[in-house]
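*Asks:* Pasting a structure below so you can have a look.
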Amino acid sequence: MPARLRTLVTAVTVALTVLCAAVLVALLPATAAHAASRTVQGGRLDWGIKSSFQSYVTGPIANGSYSLTGGAATVGASTFRFHSATGAYDGDTGAFNASFSGGVHFVGHKTDAGAYQLDLTISRPTVRISGSSGTLYVDVTSKAKDTGAVTTSSQVPFANLSLGGIDMKGGGTAVVLNSLPATLTAQGAKSFAGYYTAGTALDPVSLSADVEAAAATPSGSPSPSASKSAAKKETSGGSIEDGAVDWGVRRTFREYVTGDIAKGEWAVSAGAEDGGALFRFADGSGTLKSGDLSASFKGAVRFTGSNGLDLKLSSVRVAVEDGKGTLYADVVSADFTGKKVPLVTFAAKALKAKDGLAKVTEAPAKLTASGAKAFGGMYQAGTEMDPVSLAVATTDDAELPALPDLGSTPTASATPSPSPDPSTEPVASASGDDDSALSIGLAAGSLLLVAAAFAVYVVRRRRTGPAED
């Protein structure tokens, strides 16, 4: 090879080596950005458990029912919504672990003594995904149908989840999975009180979970607890600093409003918040003395639909006296209007503050005679309504219980498919670093193509004769 050509080859080789090294260095930050697991905070899991089991429980044989606990809600005709996802997600490996709050309590086959032969509670579903497999864990309390023995188990591996080739790797701000097939495990069958055998198909599982970047705490800054401890101050005269009352009215009423008959909706206003299965009336003010409470709360909820449905509840008040609570509201409807109408009563024994917070959690509530009129005779007095949860703060540092966190509204979904499809990856978006890495990678590819073409040129010239200047 002539000296000048050898010099040219050497120069090009050195240049390509330097450029490729620069490309690799540029790619390192983008890769490192995804290396650590990130926090999952907020989201929902929709699962009907097994719709045929629901029909059996509420049908003429078991003649039973189900109730929701811990802020769980219903979606459509036969799906339960669990909320407030917490966990972690690793975009590099696709590993995902998230727990959701809420539960469902089934009862059926009532005996003459008033007990239920069928008594099953499923709560706190947790989804864990590693590689191409996933498992759904739940807390279970069940009564064996043959012996009646009650067992309580925590985080039972209840169902196997089929990902169907979904690629869990990514760097977006949400994990969204749609209609994952679920089959009952051997442990799940045992916890299911023997109603189904291992391998039985359960209802599919869908979920959406928000993924946050890890938040660094600045060095030297005081911790939140330390700040609150310094700010703690007891109110005087029995007045309360803040408060909230959570009430879903009645599950079947909400389902009627949004169902095929009324085809309606509800809307919150004036400071009320929608928690999915309940409505929060906040900014409580009033007094708490010796277990007796008199408090008012802000917010309104209005239900509208066909067939003349128009019901508004506002200016919610709660009174507790001698361990008995009453929830009042201003009511406006097509057939009834009233101020401070006593809607439901509930038990509120020993309502005393502990660590600055007095609360009642999911107290069973019954409709009053005035409440029956407010609902236009749809329900009789004494009808069980949704439970009432109440919390009032007597110190300025006490935190009220959090509302169910349903996360952001899903904008993309992934469904199991025979082979991976990039368009169905369970991430809502990709970071800007990924785009930069792609551009640099394309540039590196172009450089390699140039190098290959130049090498072919050199070989051909050596075979045919000396290279010209």
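Residues in the structure tokens are named by chain (A, B, ... in the order shown) and by number from 1 within that chain; ligands are numbered from 1 in the order shown.
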What lies within 10 Å of Arg254 (chain A) using only C-alpha atoms, ignoring chain neighbours under 2 positions off, as a list in words?

*Replies:*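 The residues that qualify are Thr74, Gly248, Val249, Arg250, Arg251, Thr252, Tyr256, Val257, Thr258, Gly259, Gly264, Glu265, Trp266, Ala277, Leu278 and Phe303 of chain A.
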
*Asks:* Next, the residues of the selection above should be written as a compact mmCIF listing (two decimals), in the first residue's frame with all heavy atoms.

*Replies:*
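And here is the file that came out, out.txt:
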# COMPACT_ATOMS: atom_id res chain seq x y z
N THR A 74 -66.74 0.09 42.49
CA THR A 74 -67.19 -0.76 41.40
C THR A 74 -67.06 0.00 40.08
O THR A 74 -67.23 1.22 40.03
CB THR A 74 -68.64 -1.21 41.58
OG1 THR A 74 -69.48 -0.06 41.79
CG2 THR A 74 -68.77 -2.13 42.77
N GLY A 248 -70.01 7.51 50.60
CA GLY A 248 -70.31 7.20 49.20
C GLY A 248 -71.79 7.17 48.88
O GLY A 248 -72.17 6.76 47.78
N VAL A 249 -72.65 7.61 49.82
CA VAL A 249 -74.11 7.59 49.71
C VAL A 249 -74.58 6.12 49.73
O VAL A 249 -74.97 5.62 50.76
CB VAL A 249 -74.62 8.34 48.48
CG1 VAL A 249 -76.16 8.37 48.45
CG2 VAL A 249 -74.07 9.78 48.46
N ARG A 250 -74.57 5.47 48.59
CA ARG A 250 -74.92 4.04 48.52
C ARG A 250 -74.37 3.50 47.21
O ARG A 250 -74.58 4.08 46.14
CB ARG A 250 -76.43 3.84 48.61
CG ARG A 250 -76.86 2.37 48.60
CD ARG A 250 -78.37 2.24 48.79
NE ARG A 250 -78.85 0.93 48.43
CZ ARG A 250 -78.94 -0.12 49.25
NH1 ARG A 250 -78.57 0.02 50.51
NH2 ARG A 250 -79.40 -1.28 48.84
N ARG A 251 -73.68 2.36 47.30
CA ARG A 251 -73.05 1.80 46.10
C ARG A 251 -74.06 1.53 44.99
O ARG A 251 -73.84 1.91 43.84
CB ARG A 251 -72.31 0.50 46.45
CG ARG A 251 -71.77 -0.24 45.23
CD ARG A 251 -71.05 -1.51 45.62
NE ARG A 251 -71.89 -2.45 46.33
CZ ARG A 251 -72.75 -3.30 45.75
NH1 ARG A 251 -72.90 -3.28 44.43
NH2 ARG A 251 -73.46 -4.14 46.47
N THR A 252 -75.16 0.87 45.33
CA THR A 252 -76.13 0.54 44.29
C THR A 252 -76.78 1.79 43.70
O THR A 252 -77.19 1.79 42.54
CB THR A 252 -77.21 -0.39 44.85
OG1 THR A 252 -77.82 0.21 46.00
CG2 THR A 252 -76.62 -1.74 45.25
N TYR A 256 -76.77 2.72 39.85
CA TYR A 256 -78.01 3.08 39.16
C TYR A 256 -77.84 4.37 38.37
O TYR A 256 -78.27 4.48 37.21
CB TYR A 256 -79.14 3.23 40.19
CG TYR A 256 -80.36 3.96 39.66
CD1 TYR A 256 -81.25 3.33 38.80
CD2 TYR A 256 -80.60 5.29 40.00
CE1 TYR A 256 -82.36 4.00 38.29
CE2 TYR A 256 -81.70 5.97 39.52
CZ TYR A 256 -82.58 5.33 38.66
OH TYR A 256 -83.67 6.00 38.17
N VAL A 257 -77.18 5.35 38.98
CA VAL A 257 -77.00 6.64 38.32
C VAL A 257 -76.23 6.49 37.01
O VAL A 257 -76.61 7.06 35.98
CB VAL A 257 -76.27 7.63 39.26
CG1 VAL A 257 -75.86 8.90 38.50
CG2 VAL A 257 -77.17 8.00 40.43
N THR A 258 -75.14 5.72 37.04
CA THR A 258 -74.29 5.60 35.84
C THR A 258 -74.67 4.41 34.97
O THR A 258 -74.03 4.19 33.94
CB THR A 258 -72.81 5.46 36.26
OG1 THR A 258 -72.67 4.30 37.10
CG2 THR A 258 -72.35 6.70 37.02
N GLY A 259 -75.69 3.65 35.37
CA GLY A 259 -76.06 2.45 34.63
C GLY A 259 -76.94 2.71 33.42
O GLY A 259 -77.17 3.85 33.00
N GLY A 264 -76.74 8.42 33.77
CA GLY A 264 -76.39 9.73 34.28
C GLY A 264 -74.97 9.83 34.76
O GLY A 264 -74.08 9.07 34.35
N GLU A 265 -74.75 10.76 35.67
CA GLU A 265 -73.42 11.05 36.18
C GLU A 265 -73.54 11.80 37.49
O GLU A 265 -74.65 12.20 37.89
CB GLU A 265 -72.62 11.87 35.18
CG GLU A 265 -73.25 13.22 34.88
CD GLU A 265 -72.48 14.02 33.85
OE1 GLU A 265 -71.48 13.49 33.33
OE2 GLU A 265 -72.89 15.16 33.56
N TRP A 266 -72.40 12.01 38.14
CA TRP A 266 -72.37 12.88 39.30
C TRP A 266 -71.22 13.84 39.15
O TRP A 266 -70.26 13.60 38.41
CB TRP A 266 -72.28 12.09 40.60
CG TRP A 266 -71.04 11.28 40.77
CD1 TRP A 266 -69.77 11.73 41.01
CD2 TRP A 266 -70.94 9.85 40.72
NE1 TRP A 266 -68.89 10.68 41.11
CE2 TRP A 266 -69.58 9.52 40.95
CE3 TRP A 266 -71.87 8.83 40.52
CZ2 TRP A 266 -69.14 8.20 40.96
CZ3 TRP A 266 -71.43 7.53 40.54
CH2 TRP A 266 -70.08 7.22 40.76
N ALA A 277 -65.09 5.63 45.20
CA ALA A 277 -66.16 4.91 45.89
C ALA A 277 -66.79 5.75 46.99
O ALA A 277 -67.69 5.29 47.67
CB ALA A 277 -65.63 3.61 46.48
N LEU A 278 -66.28 6.96 47.15
CA LEU A 278 -66.80 7.83 48.21
C LEU A 278 -66.57 9.28 47.83
O LEU A 278 -65.80 9.60 46.93
CB LEU A 278 -66.14 7.50 49.55
CG LEU A 278 -64.61 7.45 49.58
CD1 LEU A 278 -64.00 8.83 49.80
CD2 LEU A 278 -64.12 6.50 50.67
N PHE A 303 -76.19 14.46 41.62
CA PHE A 303 -76.46 13.32 40.76
C PHE A 303 -77.53 13.70 39.74
O PHE A 303 -78.59 14.22 40.12
CB PHE A 303 -76.96 12.13 41.58
CG PHE A 303 -76.02 11.69 42.67
CD1 PHE A 303 -76.12 12.21 43.96
CD2 PHE A 303 -75.04 10.75 42.41
CE1 PHE A 303 -75.27 11.80 44.96
CE2 PHE A 303 -74.17 10.33 43.41
CZ PHE A 303 -74.28 10.87 44.68

*Asks:* If we count only C-alpha atoms, what is near Phe82 (chain A) at a cut-off of 7 Å, once residues fewer than 4 positions away on the same chain are taken out, given as a ChimeraX atom specification?

*Replies:* /A:44-46,72-73,100-102

*Asks:* Store the residues picked out above in a file with N, CA and C atoms, as a PDB file, in the first residue's frame.

*Replies:*
ATOM      1  N   ARG A  44     -54.578   2.403  39.962  1.00  0.00           N
ATOM      2  CA  ARG A  44     -55.777   1.594  40.163  1.00  0.00           C
ATOM      3  C   ARG A  44     -55.578   0.202  39.584  1.00  0.00           C
ATOM      4  N   LEU A  45     -56.317  -0.756  40.147  1.00  0.00           N
ATOM      5  CA  LEU A  45     -56.355  -2.113  39.627  1.00  0.00           C
ATOM      6  C   LEU A  45     -57.815  -2.522  39.513  1.00  0.00           C
ATOM      7  N   ASP A  46     -58.226  -2.929  38.317  1.00  0.00           N
ATOM      8  CA  ASP A  46     -59.607  -3.326  38.057  1.00  0.00           C
ATOM      9  C   ASP A  46     -59.669  -4.836  37.857  1.00  0.00           C
ATOM     10  N   ALA A  72     -62.572   0.638  48.223  1.00  0.00           N
ATOM     11  CA  ALA A  72     -62.734  -0.023  46.926  1.00  0.00           C
ATOM     12  C   ALA A  72     -64.027   0.459  46.270  1.00  0.00           C
ATOM     13  N   ALA A  73     -64.055   0.403  44.932  1.00  0.00           N
ATOM     14  CA  ALA A  73     -65.217   0.885  44.188  1.00  0.00           C
ATOM     15  C   ALA A  73     -65.640  -0.162  43.167  1.00  0.00           C
ATOM     16  N   PHE A 100     -52.178  -2.557  46.023  1.00  0.00           N
ATOM     17  CA  PHE A 100     -53.340  -1.679  45.901  1.00  0.00           C
ATOM     18  C   PHE A 100     -54.231  -1.844  47.136  1.00  0.00           C
ATOM     19  N   SER A 101     -54.951  -0.798  47.490  1.00  0.00           N
ATOM     20  CA  SER A 101     -55.777  -0.806  48.696  1.00  0.00           C
ATOM     21  C   SER A 101     -57.232  -1.118  48.369  1.00  0.00           C
ATOM     22  N   GLY A 102     -57.951  -1.565  49.413  1.00  0.00           N
ATOM     23  CA  GLY A 102     -59.368  -1.859  49.267  1.00  0.00           C
ATOM     24  C   GLY A 102     -59.648  -3.346  49.277  1.00  0.00           C
TER      25      GLY A 102
END

*Asks:* Please extract the residues of region 25-192 of chain A with a backbone DSSP assignment of helix (DSSP H, G or I) and present them as a PyMOL selection string.

*Replies:* chain A and resi 25-33+51-58+186-191

*Asks:* Just to be explicit: take each residue in the selection above, keep N, CA and C atoms, and write the result as an mmCIF file, in the first residue's frame.

*Replies:*
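The result, written out as result16.cif:
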data_model
loop_
_atom_site.group_PDB
_atom_site.id
_atom_site.type_symbol
_atom_site.label_atom_id
_atom_site.label_comp_id
_atom_site.auth_asym_id
_atom_site.auth_seq_id
_atom_site.Cartn_x
_atom_site.Cartn_y
_atom_site.Cartn_z
ATOM 1 N N VAL A 25 -19.689 7.182 25.280
ATOM 2 C CA VAL A 25 -19.734 8.050 26.458
ATOM 3 C C VAL A 25 -21.062 8.785 26.527
ATOM 4 N N ALA A 26 -21.545 9.238 25.359
ATOM 5 C CA ALA A 26 -22.816 9.958 25.334
ATOM 6 C C ALA A 26 -23.978 9.072 25.718
ATOM 7 N N LEU A 27 -23.859 7.780 25.403
ATOM 8 C CA LEU A 27 -24.946 6.853 25.717
ATOM 9 C C LEU A 27 -24.981 6.470 27.182
ATOM 10 N N LEU A 28 -23.874 6.548 27.887
ATOM 11 C CA LEU A 28 -23.824 6.092 29.274
ATOM 12 C C LEU A 28 -24.796 6.808 30.192
ATOM 13 N N PRO A 29 -24.933 8.137 30.174
ATOM 14 C CA PRO A 29 -25.867 8.789 31.087
ATOM 15 C C PRO A 29 -27.297 8.307 30.895
ATOM 16 N N ALA A 30 -27.718 8.101 29.624
ATOM 17 C CA ALA A 30 -29.083 7.660 29.371
ATOM 18 C C ALA A 30 -29.318 6.286 29.955
ATOM 19 N N THR A 31 -28.324 5.394 29.858
ATOM 20 C CA THR A 31 -28.478 4.062 30.424
ATOM 21 C C THR A 31 -28.512 4.125 31.939
ATOM 22 N N ALA A 32 -27.624 4.916 32.521
ATOM 23 C CA ALA A 32 -27.570 4.999 33.977
ATOM 24 C C ALA A 32 -28.833 5.595 34.553
ATOM 25 N N ALA A 33 -29.530 6.438 33.764
ATOM 26 C CA ALA A 33 -30.730 7.092 34.266
ATOM 27 C C ALA A 33 -31.824 6.094 34.596
ATOM 28 N N SER A 51 -66.569 -13.274 37.819
ATOM 29 C CA SER A 51 -67.930 -12.750 37.651
ATOM 30 C C SER A 51 -68.992 -13.809 37.923
ATOM 31 N N SER A 52 -68.716 -15.075 37.566
ATOM 32 C CA SER A 52 -69.697 -16.126 37.833
ATOM 33 C C SER A 52 -69.856 -16.351 39.332
ATOM 34 N N PHE A 53 -68.780 -16.135 40.112
ATOM 35 C CA PHE A 53 -68.877 -16.249 41.562
ATOM 36 C C PHE A 53 -69.748 -15.121 42.118
ATOM 37 N N GLN A 54 -69.606 -13.927 41.568
ATOM 38 C CA GLN A 54 -70.463 -12.830 41.972
ATOM 39 C C GLN A 54 -71.933 -13.175 41.738
ATOM 40 N N SER A 55 -72.217 -13.727 40.566
ATOM 41 C CA SER A 55 -73.601 -14.088 40.228
ATOM 42 C C SER A 55 -74.124 -15.167 41.163
ATOM 43 N N TYR A 56 -73.257 -16.103 41.508
ATOM 44 C CA TYR A 56 -73.653 -17.173 42.425
ATOM 45 C C TYR A 56 -73.984 -16.605 43.808
ATOM 46 N N VAL A 57 -73.116 -15.701 44.294
ATOM 47 C CA VAL A 57 -73.311 -15.135 45.631
ATOM 48 C C VAL A 57 -74.628 -14.362 45.705
ATOM 49 N N THR A 58 -74.894 -13.533 44.710
ATOM 50 C CA THR A 58 -76.078 -12.677 44.749
ATOM 51 C C THR A 58 -77.321 -13.342 44.158
ATOM 52 N N ALA A 186 -52.821 -23.161 43.170
ATOM 53 C CA ALA A 186 -53.199 -24.146 44.179
ATOM 54 C C ALA A 186 -53.446 -23.477 45.528
ATOM 55 N N GLN A 187 -52.579 -22.504 45.891
ATOM 56 C CA GLN A 187 -52.776 -21.778 47.150
ATOM 57 C C GLN A 187 -54.042 -20.938 47.092
ATOM 58 N N GLY A 188 -54.310 -20.356 45.911
ATOM 59 C CA GLY A 188 -55.518 -19.571 45.751
ATOM 60 C C GLY A 188 -56.771 -20.410 45.876
ATOM 61 N N ALA A 189 -56.744 -21.616 45.312
ATOM 62 C CA ALA A 189 -57.902 -22.511 45.394
ATOM 63 C C ALA A 189 -58.200 -22.867 46.848
ATOM 64 N N LYS A 190 -57.153 -23.110 47.635
ATOM 65 C CA LYS A 190 -57.347 -23.421 49.044
ATOM 66 C C LYS A 190 -57.926 -22.230 49.794
ATOM 67 N N SER A 191 -57.435 -21.032 49.499
ATOM 68 C CA SER A 191 -57.930 -19.821 50.162
ATOM 69 C C SER A 191 -59.338 -19.461 49.702
#

*Asks:* Let me make sure I understand: among A:Ser123, A:Ser239, A:Ser37, A:Ser315, which one has the smallest atom-to-atom distance to Gly356 (chain A) if we use only C-alpha atoms?

*Replies:*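 Closest candidate: A:Ser239.
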
*Asks:* Measuring atom to atom with only C-alpha atoms, identify which of A:Met378, A:Ser133, A:Ala144, A:Thr326 is nearest to Phe253 (chain A).

*Replies:*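 When distances to Phe253 (chain A) are compared using only C-alpha atoms, the smallest one comes from A:Met378.
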
*Asks:* Which residues are near Arg124 (chain A)? Cut-off 12 Å, only C-alpha atoms, ignore same chain within fewer than 2 positions. Put them as a ChimeraX atom specification.

*Replies:* /A:44-45,47,69-72,81-86,98-104,121-122,126-127,136-141,153-156,158

*Asks:* Leaving out region 352-354 of chain A and any residue of its chain fewer than 2 positions from it, which residues lie within 8 Å of it when counting only C-alpha atoms, given as a list in words?

*Replies:*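 Contacts, with the query itself left out: Ser290, Gly291, Ala350, Gly356, Leu357, Ala358, Lys359, Ala393 and Thr394 of chain A.
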
*Asks:* Using only C-alpha atoms, which residues sit within 7 Å of Gly238 (chain A) once same-chain residues fewer than 6 positions away are excluded, as JSON, numbers by chain?

*Replies:* {"A": [287, 288, 289]}

*Asks:* Residues of region 33-192 of chain A classed as strand (DSSP E or B) by DSSP on the backbone are to be reported as a ChimeraX atom specification.

*Replies:* /A:38-47,65-69,73-75,79-89,96-101,103-110,116-130,133-143,150-162,174-184

*Asks:* Give me the residues within 10 Å of Asp246 (chain A) as a list in words, counting only C-alpha atoms and dropping any in the same chain fewer than 2 places off.

*Replies:*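 Contacts, with the query itself left out: Gly71, Ala244, Gly248, Val249, Ala272, Glu273, Asp274, Gly275, Ala277, Leu278, Phe279, Arg280, Phe281, Ala282, Thr361, Glu362, Asp386, Pro387, Val388, Ser389, Leu390, Ala391 and Leu403 of chain A.
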
*Asks:* Nearest to Arg38 (chain A): which of A:Gly87, A:Gly170, A:Gly108, A:Pro364 is it, counting only C-alpha atoms?

*Replies:*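 Between A:Gly87, A:Gly170, A:Gly108, A:Pro364, the residue approaching Arg38 (chain A) most closely is A:Gly87.
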